[in-house]
$ cat structure-v3.txt   # compact mmCIF, C-alpha atoms and all ligand atoms
# COMPACT_ATOMS: atom_id res chain seq x y z
CA MET A 11 -29.19 -52.50 -36.01
CA VAL A 12 -30.26 -56.09 -36.40
CA LYS A 13 -30.36 -58.46 -33.52
CA TYR A 14 -28.03 -61.40 -33.73
CA GLU A 15 -24.75 -59.94 -34.88
CA PRO A 16 -21.64 -61.06 -33.01
CA MET A 17 -20.11 -58.78 -30.42
CA HIS A 18 -18.48 -55.87 -32.12
CA PRO A 19 -14.67 -55.91 -31.72
CA LEU A 20 -14.66 -52.19 -30.89
CA ARG A 21 -16.78 -53.04 -27.87
CA GLY A 22 -14.34 -55.67 -26.60
CA THR A 23 -12.22 -55.52 -23.45
CA PHE A 24 -9.21 -53.93 -25.09
CA TYR A 25 -11.29 -51.14 -26.53
CA TRP A 26 -12.78 -50.30 -23.17
CA LEU A 27 -9.42 -50.55 -21.42
CA SER A 28 -7.96 -48.11 -23.90
CA VAL A 29 -10.94 -45.79 -23.49
CA LEU A 30 -10.64 -45.90 -19.71
CA ILE A 31 -6.95 -45.11 -19.89
CA ALA A 32 -7.26 -42.43 -22.53
CA LEU A 33 -10.20 -40.38 -21.31
CA PRO A 34 -10.88 -38.29 -18.24
CA PRO A 35 -13.74 -39.72 -16.12
CA LEU A 36 -16.44 -37.34 -17.40
CA LEU A 37 -15.96 -38.52 -20.96
CA ILE A 38 -16.27 -42.25 -20.27
CA ALA A 39 -19.28 -43.64 -22.12
CA GLU A 40 -21.94 -44.58 -19.62
CA VAL A 41 -23.30 -47.91 -20.80
CA ASN A 42 -26.19 -49.09 -18.59
CA LYS A 43 -26.29 -45.80 -16.65
CA THR A 44 -29.34 -43.57 -16.40
CA GLU A 45 -28.71 -39.92 -17.30
CA GLU A 46 -31.26 -37.17 -16.68
CA ILE A 47 -30.52 -35.00 -19.70
CA ALA A 48 -33.24 -32.41 -19.00
CA ASP A 49 -35.96 -32.01 -16.39
CA GLY A 50 -37.98 -35.26 -16.59
CA VAL A 51 -36.11 -36.49 -19.68
CA TYR A 52 -33.84 -39.51 -19.36
CA PHE A 53 -31.35 -41.35 -21.53
CA HIS A 54 -29.99 -44.85 -21.00
CA GLU A 55 -27.25 -46.24 -23.23
CA GLY A 56 -27.96 -49.93 -23.81
CA ASP A 57 -25.36 -52.68 -23.68
CA LEU A 58 -25.02 -53.39 -27.38
CA GLY A 59 -21.76 -55.35 -27.19
CA ARG A 60 -22.82 -58.08 -24.76
CA ARG A 61 -26.62 -58.12 -25.01
CA GLY A 62 -27.48 -56.45 -28.31
CA HIS A 63 -29.53 -53.83 -26.48
CA SER A 64 -30.53 -50.50 -27.97
CA ASN A 65 -30.53 -47.22 -26.14
CA ASN A 66 -33.67 -46.11 -24.31
CA GLY A 67 -35.07 -42.75 -23.39
CA TRP A 68 -38.05 -41.80 -21.31
CA ILE A 69 -40.04 -38.66 -20.71
CA GLU A 70 -42.13 -37.92 -17.64
CA PHE A 71 -45.46 -36.35 -18.42
CA LYS A 72 -47.80 -35.19 -15.64
CA HIS A 73 -49.66 -38.51 -15.36
CA TYR A 74 -47.64 -40.97 -17.40
CA VAL A 75 -44.25 -41.89 -18.81
CA VAL A 76 -43.39 -42.31 -22.50
CA VAL A 77 -40.48 -44.63 -23.33
CA ILE A 78 -38.35 -44.33 -26.44
CA ASP A 79 -37.62 -47.72 -28.02
CA GLY A 80 -38.94 -51.15 -27.15
CA ASN A 81 -35.47 -52.73 -27.02
CA PHE A 82 -35.15 -56.54 -26.82
CA PRO A 83 -37.23 -58.20 -24.07
CA SER A 84 -34.11 -58.45 -21.88
CA GLY A 85 -33.35 -54.77 -22.54
CA ALA A 86 -36.90 -53.79 -21.60
CA LYS A 87 -36.72 -55.86 -18.44
CA TYR A 88 -33.35 -54.35 -17.58
CA VAL A 89 -34.43 -50.73 -17.95
CA LEU A 90 -37.99 -51.04 -16.52
CA PRO A 91 -36.93 -50.97 -12.83
CA LYS A 92 -34.68 -48.00 -13.58
CA ILE A 93 -37.64 -46.09 -15.04
CA LYS A 94 -39.78 -47.01 -12.04
CA ALA A 95 -37.03 -45.87 -9.68
CA ALA A 96 -36.73 -42.50 -11.43
CA SER A 97 -40.39 -41.81 -12.24
CA GLU A 98 -43.51 -42.34 -10.16
CA GLN A 99 -46.00 -42.17 -13.04
CA PRO A 100 -47.16 -45.29 -14.91
CA ILE A 101 -45.55 -46.15 -18.25
CA ARG A 102 -48.28 -45.66 -20.86
CA PHE A 103 -46.54 -45.55 -24.23
CA VAL A 104 -43.44 -47.00 -25.84
CA PHE A 105 -42.21 -45.64 -29.16
CA ASP A 106 -40.54 -48.10 -31.55
CA THR A 107 -38.17 -46.01 -33.67
CA HIS A 108 -38.17 -48.85 -36.24
CA HIS A 109 -38.97 -52.55 -36.68
CA HIS A 110 -35.65 -54.18 -35.71
CA GLY A 111 -35.51 -56.65 -32.85
CA ASP A 112 -33.38 -54.47 -30.61
CA HIS A 113 -35.97 -51.67 -30.89
CA ALA A 114 -39.30 -53.52 -31.03
CA TYR A 115 -39.10 -57.12 -29.76
CA GLY A 116 -39.53 -55.90 -26.18
CA ASN A 117 -43.03 -54.52 -26.88
CA TYR A 118 -44.73 -57.35 -25.01
CA GLU A 119 -42.74 -56.56 -21.86
CA TRP A 120 -43.88 -52.93 -22.07
CA TYR A 121 -47.47 -54.10 -22.57
CA VAL A 122 -47.19 -56.19 -19.39
CA ALA A 123 -45.97 -53.01 -17.67
CA GLY A 124 -49.05 -51.14 -18.96
CA ALA A 125 -47.75 -49.48 -22.14
CA THR A 126 -49.01 -49.45 -25.73
CA ALA A 127 -46.50 -49.32 -28.59
CA ILE A 128 -46.48 -46.43 -31.08
CA ALA A 129 -44.67 -46.44 -34.45
CA HIS A 130 -44.71 -45.22 -38.02
CA VAL A 131 -47.11 -47.21 -40.23
CA ASN A 132 -44.25 -48.72 -42.25
CA VAL A 133 -42.96 -50.48 -39.14
CA ILE A 134 -45.82 -52.95 -39.55
CA GLU A 135 -45.02 -53.38 -43.25
CA GLU A 136 -41.35 -54.01 -42.45
CA MET A 137 -42.35 -56.48 -39.74
CA LYS A 138 -44.40 -58.41 -42.31
CA ARG A 139 -41.50 -58.31 -44.77
CA TYR A 140 -38.60 -59.16 -42.49
CA GLU A 141 -39.50 -59.97 -38.94
CA THR A 142 -42.04 -62.73 -38.60
CA GLY A 143 -44.13 -65.41 -40.26
CA GLN A 144 -47.03 -64.48 -38.00
CA TYR A 145 -48.60 -62.48 -40.84
CA GLY A 146 -48.70 -65.57 -43.03
CA ASN A 147 -45.31 -65.17 -44.75
CA ALA A 148 -42.21 -67.29 -44.30
CA PRO A 149 -40.68 -67.30 -40.80
CA GLY A 150 -38.42 -64.28 -40.24
CA ARG A 151 -35.93 -62.80 -37.83
CA TRP A 152 -38.24 -63.16 -34.83
CA GLU A 153 -38.46 -66.92 -35.33
CA GLN A 154 -34.65 -67.04 -35.62
CA ALA A 155 -34.27 -64.93 -32.48
CA VAL A 156 -36.53 -67.36 -30.59
CA ILE A 157 -33.82 -69.96 -31.29
CA ASP A 158 -30.90 -67.62 -30.54
CA ARG A 159 -32.13 -65.61 -27.56
CA PRO A 160 -33.77 -66.95 -24.38
CA ASP A 161 -35.35 -63.53 -23.70
CA VAL A 162 -37.13 -63.61 -27.06
CA ALA A 163 -38.14 -67.26 -26.59
CA ALA A 164 -39.78 -66.31 -23.27
CA SER A 165 -41.64 -63.32 -24.75
CA GLU A 166 -44.28 -62.71 -27.45
CA PHE A 167 -44.22 -60.87 -30.75
CA LEU A 168 -46.31 -57.74 -30.31
CA PRO A 169 -46.42 -55.17 -33.12
CA PRO A 170 -47.12 -51.50 -32.35
CA SER A 171 -50.83 -50.64 -32.48
CA ILE A 172 -50.83 -46.84 -32.46
CA LEU A 173 -49.61 -45.97 -35.95
CA PHE A 174 -48.89 -42.59 -37.51
CA GLU A 175 -48.03 -41.42 -41.01
CA ASP A 176 -46.06 -38.17 -40.83
CA LYS A 177 -46.42 -36.96 -37.28
CA LEU A 178 -48.04 -37.75 -33.93
CA ILE A 179 -47.95 -35.43 -30.91
CA LEU A 180 -48.24 -36.11 -27.19
CA ASP A 181 -48.71 -32.87 -25.24
CA ASP A 182 -50.18 -32.51 -21.74
CA GLY A 183 -49.15 -28.91 -21.16
CA THR A 184 -46.07 -29.91 -19.19
CA GLN A 185 -44.26 -32.01 -21.78
CA ARG A 186 -44.51 -32.27 -25.52
CA VAL A 187 -43.11 -35.05 -27.68
CA GLU A 188 -43.52 -35.06 -31.45
CA PHE A 189 -43.01 -38.31 -33.34
CA HIS A 190 -41.88 -37.59 -36.89
CA HIS A 191 -41.29 -39.70 -39.98
CA PHE A 192 -39.00 -37.84 -42.38
CA GLY A 193 -38.64 -40.59 -45.00
CA THR A 194 -36.50 -43.67 -45.47
CA SER A 195 -33.13 -43.94 -43.77
CA HIS A 196 -32.02 -46.98 -41.71
CA THR A 197 -35.37 -48.60 -42.63
CA HIS A 198 -38.56 -47.49 -44.41
CA GLY A 199 -40.31 -46.79 -41.12
CA ASP A 200 -37.88 -44.74 -39.04
CA GLY A 201 -39.40 -42.42 -36.49
CA PHE A 202 -37.75 -39.55 -34.62
CA ALA A 203 -38.93 -38.35 -31.20
CA TRP A 204 -38.53 -34.58 -30.95
CA LEU A 205 -38.87 -32.57 -27.76
CA PRO A 206 -39.26 -28.98 -29.00
CA LYS A 207 -39.10 -27.33 -25.57
CA GLN A 208 -35.82 -28.98 -24.60
CA LYS A 209 -34.53 -29.25 -28.20
CA ILE A 210 -33.70 -32.92 -27.69
CA LEU A 211 -33.94 -35.40 -30.56
CA PHE A 212 -34.14 -39.19 -30.21
CA THR A 213 -33.13 -40.61 -33.59
CA GLY A 214 -33.27 -44.39 -33.34
CA ASP A 215 -30.70 -45.91 -35.71
CA ALA A 216 -31.20 -43.16 -38.30
CA CYS A 217 -28.28 -41.63 -36.41
CA VAL A 218 -25.83 -43.60 -34.29
CA ASN A 219 -22.68 -42.72 -32.38
CA GLY A 220 -20.24 -45.50 -33.27
CA PRO A 221 -19.69 -48.16 -35.96
CA TYR A 222 -23.29 -49.38 -35.91
CA ASN A 223 -24.70 -48.46 -39.32
CA TYR A 224 -26.60 -51.46 -40.62
CA VAL A 225 -27.70 -50.42 -44.12
CA GLY A 226 -29.40 -53.61 -45.37
CA ASP A 227 -33.02 -52.53 -44.84
CA GLY A 228 -32.82 -48.87 -45.86
CA ASN A 229 -31.39 -46.62 -48.56
CA THR A 230 -28.32 -44.42 -48.08
CA ARG A 231 -29.30 -41.79 -50.68
CA GLU A 232 -32.65 -41.22 -48.97
CA TRP A 233 -30.93 -41.49 -45.56
CA ILE A 234 -28.91 -38.33 -46.40
CA GLU A 235 -32.14 -36.47 -47.29
CA THR A 236 -33.95 -37.72 -44.18
CA LEU A 237 -31.12 -36.49 -41.95
CA GLU A 238 -31.34 -33.07 -43.62
CA LYS A 239 -34.94 -32.82 -42.39
CA ALA A 240 -33.91 -33.97 -38.91
CA LYS A 241 -31.17 -31.32 -38.85
CA ALA A 242 -33.73 -28.62 -39.68
CA LEU A 243 -35.37 -29.17 -36.25
CA GLY A 244 -32.39 -27.45 -34.63
CA ALA A 245 -31.71 -29.97 -31.86
CA ARG A 246 -29.20 -29.16 -29.13
CA LEU A 247 -28.82 -32.77 -27.93
CA ILE A 248 -28.91 -35.93 -30.03
CA CYS A 249 -29.86 -39.23 -28.39
CA PRO A 250 -28.79 -41.87 -30.93
CA GLY A 251 -30.10 -45.43 -31.28
CA HIS A 252 -26.70 -46.78 -30.18
CA GLY A 253 -23.73 -45.08 -28.55
CA PRO A 254 -23.61 -42.09 -26.20
CA VAL A 255 -25.54 -38.80 -26.31
CA ALA A 256 -23.92 -36.09 -28.41
CA GLY A 257 -24.35 -32.55 -29.65
CA PRO A 258 -26.00 -31.58 -32.94
CA GLU A 259 -22.76 -32.24 -34.84
CA LEU A 260 -23.58 -35.97 -34.63
CA LEU A 261 -26.29 -35.53 -37.28
CA ASP A 262 -23.74 -33.81 -39.54
CA HIS A 263 -21.21 -36.59 -39.00
CA GLN A 264 -23.76 -39.33 -39.69
CA GLN A 265 -25.00 -37.59 -42.81
CA ASN A 266 -21.50 -36.82 -44.07
CA TYR A 267 -20.44 -40.44 -43.56
CA PHE A 268 -22.94 -41.56 -46.18
CA ILE A 269 -22.23 -38.58 -48.46
CA GLN A 270 -18.50 -39.36 -48.46
CA LEU A 271 -18.91 -43.13 -48.66
CA ARG A 272 -21.24 -42.83 -51.65
CA SER A 273 -18.91 -40.36 -53.32
CA GLU A 274 -15.86 -42.64 -52.89
CA VAL A 275 -17.73 -45.67 -54.25
CA LYS A 276 -19.08 -43.64 -57.16
CA LYS A 277 -15.56 -42.42 -58.05
CA LEU A 278 -14.24 -45.98 -58.14
CA LEU A 279 -17.14 -47.21 -60.27
CA THR A 280 -16.60 -44.32 -62.67
CA LYS A 281 -12.90 -45.25 -62.89
CA GLY A 282 -14.00 -48.67 -64.03
CA VAL A 283 -13.57 -50.66 -60.82
CA ALA A 284 -15.86 -53.69 -61.04
CA ALA A 285 -18.63 -53.89 -58.45
CA ALA A 286 -17.30 -57.28 -57.34
CA ASP A 287 -13.84 -55.78 -56.67
CA MET A 288 -15.07 -52.93 -54.50
CA GLY A 289 -14.16 -54.78 -51.29
CA SER A 290 -10.47 -54.83 -52.24
CA HIS A 291 -10.55 -51.01 -52.26
CA SER A 292 -11.96 -50.72 -48.76
CA PRO A 293 -8.59 -49.92 -47.05
CA VAL A 294 -8.14 -46.94 -49.40
CA ILE A 295 -11.72 -45.74 -48.86
CA LYS A 296 -11.37 -46.10 -45.09
CA ALA A 297 -8.14 -44.07 -45.13
CA GLN A 298 -9.88 -41.37 -47.16
CA LEU A 299 -12.84 -41.20 -44.73
CA ARG A 300 -10.60 -41.12 -41.65
CA ARG A 301 -9.18 -37.82 -42.87
CA ILE A 302 -12.60 -36.21 -42.50
CA GLU A 303 -13.67 -34.90 -39.10
CA GLY A 304 -16.12 -37.10 -37.22
CA LEU A 305 -16.19 -40.03 -39.65
CA ASN A 306 -13.67 -42.43 -38.09
CA LYS A 307 -16.20 -43.54 -35.46
CA TYR A 308 -18.46 -45.03 -38.14
CA ILE A 309 -15.85 -47.33 -39.67
CA GLY A 310 -16.24 -50.87 -38.36
CA THR A 311 -16.88 -54.50 -39.21
CA TRP A 312 -19.90 -53.70 -41.37
CA PHE A 313 -17.88 -51.56 -43.75
CA ASP A 314 -17.75 -54.04 -46.63
CA GLY A 315 -21.48 -54.67 -46.33
CA GLN A 316 -22.04 -50.92 -46.57
CA LEU A 317 -19.90 -50.80 -49.73
CA SER A 318 -21.87 -53.59 -51.41
CA LYS A 319 -25.19 -51.96 -50.53
CA ILE A 320 -24.06 -48.60 -51.92
CA VAL A 321 -22.83 -50.25 -55.14
CA GLU A 322 -26.26 -51.86 -55.46
CA GLU A 323 -28.00 -48.53 -54.86
CA LEU A 324 -25.79 -46.63 -57.32
CA GLN A 325 -26.35 -49.26 -59.98
CA ALA A 326 -30.11 -48.95 -59.49
CA GLU A 327 -29.89 -45.12 -59.63
CA GLU A 328 -27.59 -44.89 -62.65
CA PRO A 329 -27.40 -48.25 -64.35
CA ALA A 330 -25.39 -46.91 -67.29
CA ALA A 331 -22.75 -45.08 -65.23
CA ALA A 332 -22.28 -47.73 -62.55
CA LYS A 333 -21.83 -51.14 -64.13
ZN ZN B 401 -30.46 -50.86 -33.37

$ encode --input "structure-v3.txt" --output "structure tokens"
Amino acid sequence: MVKYEPMHPLRGTFYWLSVLIALPPLLIAEVNKTEEIADGVYFHEGDLGRRGHSNNGWIEFKHYVVVIDGNFPSGAKYVLPKIKAASEQPIRFVFDTHHHGDHAYGNYEWYVAGATAIAHVNVIEEMKRYETGQYGNAPGRWEQAVIDRPDVAASEFLPPSILFEDKLILDDGTQRVEFHHFGTSHTHGDGFAWLPKQKILFTGDACVNGPYNYVGDGNTREWIETLEKAKALGARLICPGHGPVAGPELLDHQQNYFIQLRSEVKKLLTKGVAAADMGSHSPVIKAQLRRIEGLNKYIGTWFDGQLSKIVEELQAEEPAAAK
């Protein structure tokens, strides 16, 4: 998820009114509510629609707290008092699941609270490529966000400084969190936080629960493979980067969305549909996907962007077949 997209229509008033009317109270999505999903393990669904916030998680170790995702500065500031209210231990680490603003721009706020940011090594590379001119490149998304967002303007860019390649483990005998990189998906530096004892998986935006798949910085073919590795962990609860907590089927839905979307685009290219005309076929593709269990929730305003990215990827994979 990138930072300065407009409010998603599915998150507008009418959507929420219809949800409130249609669902029994227990199934209402709990934006901005803290949920203790296991002993000492918390989930907080961020307000994406109005503030662009990501979800957060946190895990209480014996002497410290580990937070999942840096969020935007305003998201960090919003959730910090909630963590302090729930957990007595100091916040020592924050895990950026990837480089995007809604997952990493809040790092400075966590540093002020006493925490050091952890991420996959490619998060730094992606930050150099996309996020900021502070590495000597052209100004990036951070510099734009300073203009667009008062919370970013009032904060500082702080990249993660504990970096891992494949895996990093925090284990104090009471809690264990494994940070894994399974390959490219939403970005080239996605990290998963896996709690083997509780079988809980925090996925960042490699898996979301709603129409939030931004595909511009990743690769959908590799995304499918990366999710296969995440599925192999055998999680019982999935905490996505955006949208509510779900069962393990969410990983299947997310993976199948890209499998089906790629297959539909490939079929049309094979039939001779020009890449430039793919957008005009989106109603037909959407209808096709809606017939498949679990996929409707992923169809949203970014659909046409997803189609163009997949066309681009297929052309790079099979230049002769996909002109
Ligand atoms: Zn995001």

$ atom_distance --input "structure-v3.txt" --atom1 "CA of Ile302 (chain A)" --atom2 "CA of Asn219 (chain A)"
15.7 Å

$ residues_around --input "structure-v3.txt" --residues "Leu90 (chain A)" --least-positions-apart "4" --cutoff "9 Å" --atoms "only C-alpha atoms" --output "ChimeraX atom specification"
/A:85-86,94-95,120,123

$ residues_near_ligand --input "structure-v3.txt" --ligand "ligand ZN 401 (chain B)" --cutoff "6 Å" --atoms "all atoms listed in the file" --output "PyMOL selection string"
chain A and resi 11+64+112+215+251

$ closest_residue --input "structure-v3.txt" --among "A:Gly199, A:Phe212, A:Leu180, A:Pro83" --to "Ala163 (chain A)" --atoms "only C-alpha atoms"
A:Pro83

$ atom_distance --input "structure-v3.txt" --atom1 "CA of Lys87 (chain A)" --atom2 "CA of Asp161 (chain A)"
9.4 Å

$ atom_distance --input "structure-v3.txt" --atom1 "CA of Asp49 (chain A)" --atom2 "CA of Ala216 (chain A)"
25.0 Å

$ closest_residue --input "structure-v3.txt" --among "A:Trp233, A:Tyr74, A:Tyr121, A:Phe82" --to "Pro100 (chain A)" --atoms "all atoms listed in the file"
A:Tyr74

$ residues_around --input "structure-v3.txt" --residues "region 260-266 of chain A" --least-positions-apart "3" --cutoff "12 Å" --atoms "only C-alpha atoms" --output "PyMOL selection string"
chain A and resi 195-196+211-223+230-251+253-257+269-274+299-300+302-309

$ closest_residue --input "structure-v3.txt" --among "A:Ser292, A:Ser165, A:Gln185, A:Thr107" --to "Val75 (chain A)" --atoms "all atoms listed in the file"
A:Gln185

$ closest_residue --input "structure-v3.txt" --among "A:Arg60, A:Glu328, A:Glu70, A:Met288" --to "Leu205 (chain A)" --atoms "all atoms listed in the file"
A:Glu70

$ residues_near_point --input "structure-v3.txt" --point "(-37.8, -41.7, -12.0)" --cutoff "10 Å" --atoms "all atoms listed in the file" --output "number ranges by chain"
A: 44, 46, 50-52, 68-70, 75, 91-99

$ residues_near_point --input "structure-v3.txt" --point "(-34.6, -64.7, -27.5)" --cutoff "10 Å" --atoms "all atoms listed in the file" --output "PyMOL selection string"
chain A and resi 13-14+82-84+111+115+152-166

$ residues_around --input "structure-v3.txt" --residues "region 187-191 of chain A" --least-positions-apart "2" --cutoff "8 Å" --atoms "only C-alpha atoms" --output "PyMOL selection string"
chain A and resi 130+175-181+185+193+199-206

$ closest_residue --input "structure-v3.txt" --among "A:Val41, A:Ala114, A:Ile320, A:Ile128" --to "Val76 (chain A)" --atoms "only C-alpha atoms"
A:Ile128

$ closest_residue --input "structure-v3.txt" --among "A:His108, A:Lys276, A:Arg301, A:His113" --to "Ser318 (chain A)" --atoms "all atoms listed in the file"
A:Lys276

$ axis_aligned_box --input "structure-v3.txt" --around "region 199-204 of chain A" --padding-each-side "5 Å" --output "AutoDock Vina command-line options"
--center_x -39.0 --center_y -40.7 --center_z -36.0 --size_x 12.6 --size_y 22.2 --size_z 20.2

$ decode --input "structure-v3.txt" --residues "region 313-326 of chain A" --atoms "N, CA and C atoms" --output "compact mmCIF listing (two decimals), in the first residue's frame"
# COMPACT_ATOMS: atom_id res chain seq x y z
N PHE A 313 -7.94 -2.02 -9.79
CA PHE A 313 -8.03 -3.18 -10.69
C PHE A 313 -7.31 -2.94 -12.01
N ASP A 314 -7.58 -1.80 -12.64
CA ASP A 314 -6.97 -1.56 -13.96
C ASP A 314 -5.45 -1.44 -13.86
N GLY A 315 -4.97 -0.87 -12.78
CA GLY A 315 -3.53 -0.80 -12.55
C GLY A 315 -2.93 -2.19 -12.41
N GLN A 316 -3.68 -3.09 -11.76
CA GLN A 316 -3.22 -4.47 -11.61
C GLN A 316 -3.15 -5.15 -12.98
N LEU A 317 -4.16 -4.89 -13.83
CA LEU A 317 -4.16 -5.47 -15.17
C LEU A 317 -2.93 -5.01 -15.96
N SER A 318 -2.65 -3.71 -15.93
CA SER A 318 -1.51 -3.20 -16.72
C SER A 318 -0.20 -3.80 -16.22
N LYS A 319 -0.07 -3.92 -14.89
CA LYS A 319 1.17 -4.47 -14.34
C LYS A 319 1.34 -5.93 -14.77
N ILE A 320 0.24 -6.68 -14.75
CA ILE A 320 0.32 -8.10 -15.13
C ILE A 320 0.64 -8.24 -16.62
N VAL A 321 0.05 -7.37 -17.45
CA VAL A 321 0.39 -7.39 -18.88
C VAL A 321 1.90 -7.18 -19.05
N GLU A 322 2.41 -6.19 -18.35
CA GLU A 322 3.84 -5.86 -18.39
C GLU A 322 4.69 -7.08 -17.97
N GLU A 323 4.26 -7.71 -16.89
CA GLU A 323 5.01 -8.88 -16.39
C GLU A 323 4.96 -10.03 -17.39
N LEU A 324 3.76 -10.30 -17.95
CA LEU A 324 3.63 -11.41 -18.89
C LEU A 324 4.45 -11.15 -20.14
N GLN A 325 4.48 -9.91 -20.57
CA GLN A 325 5.26 -9.57 -21.77
C GLN A 325 6.76 -9.78 -21.51
N ALA A 326 7.18 -9.48 -20.28
CA ALA A 326 8.59 -9.68 -19.93
C ALA A 326 8.92 -11.17 -19.81
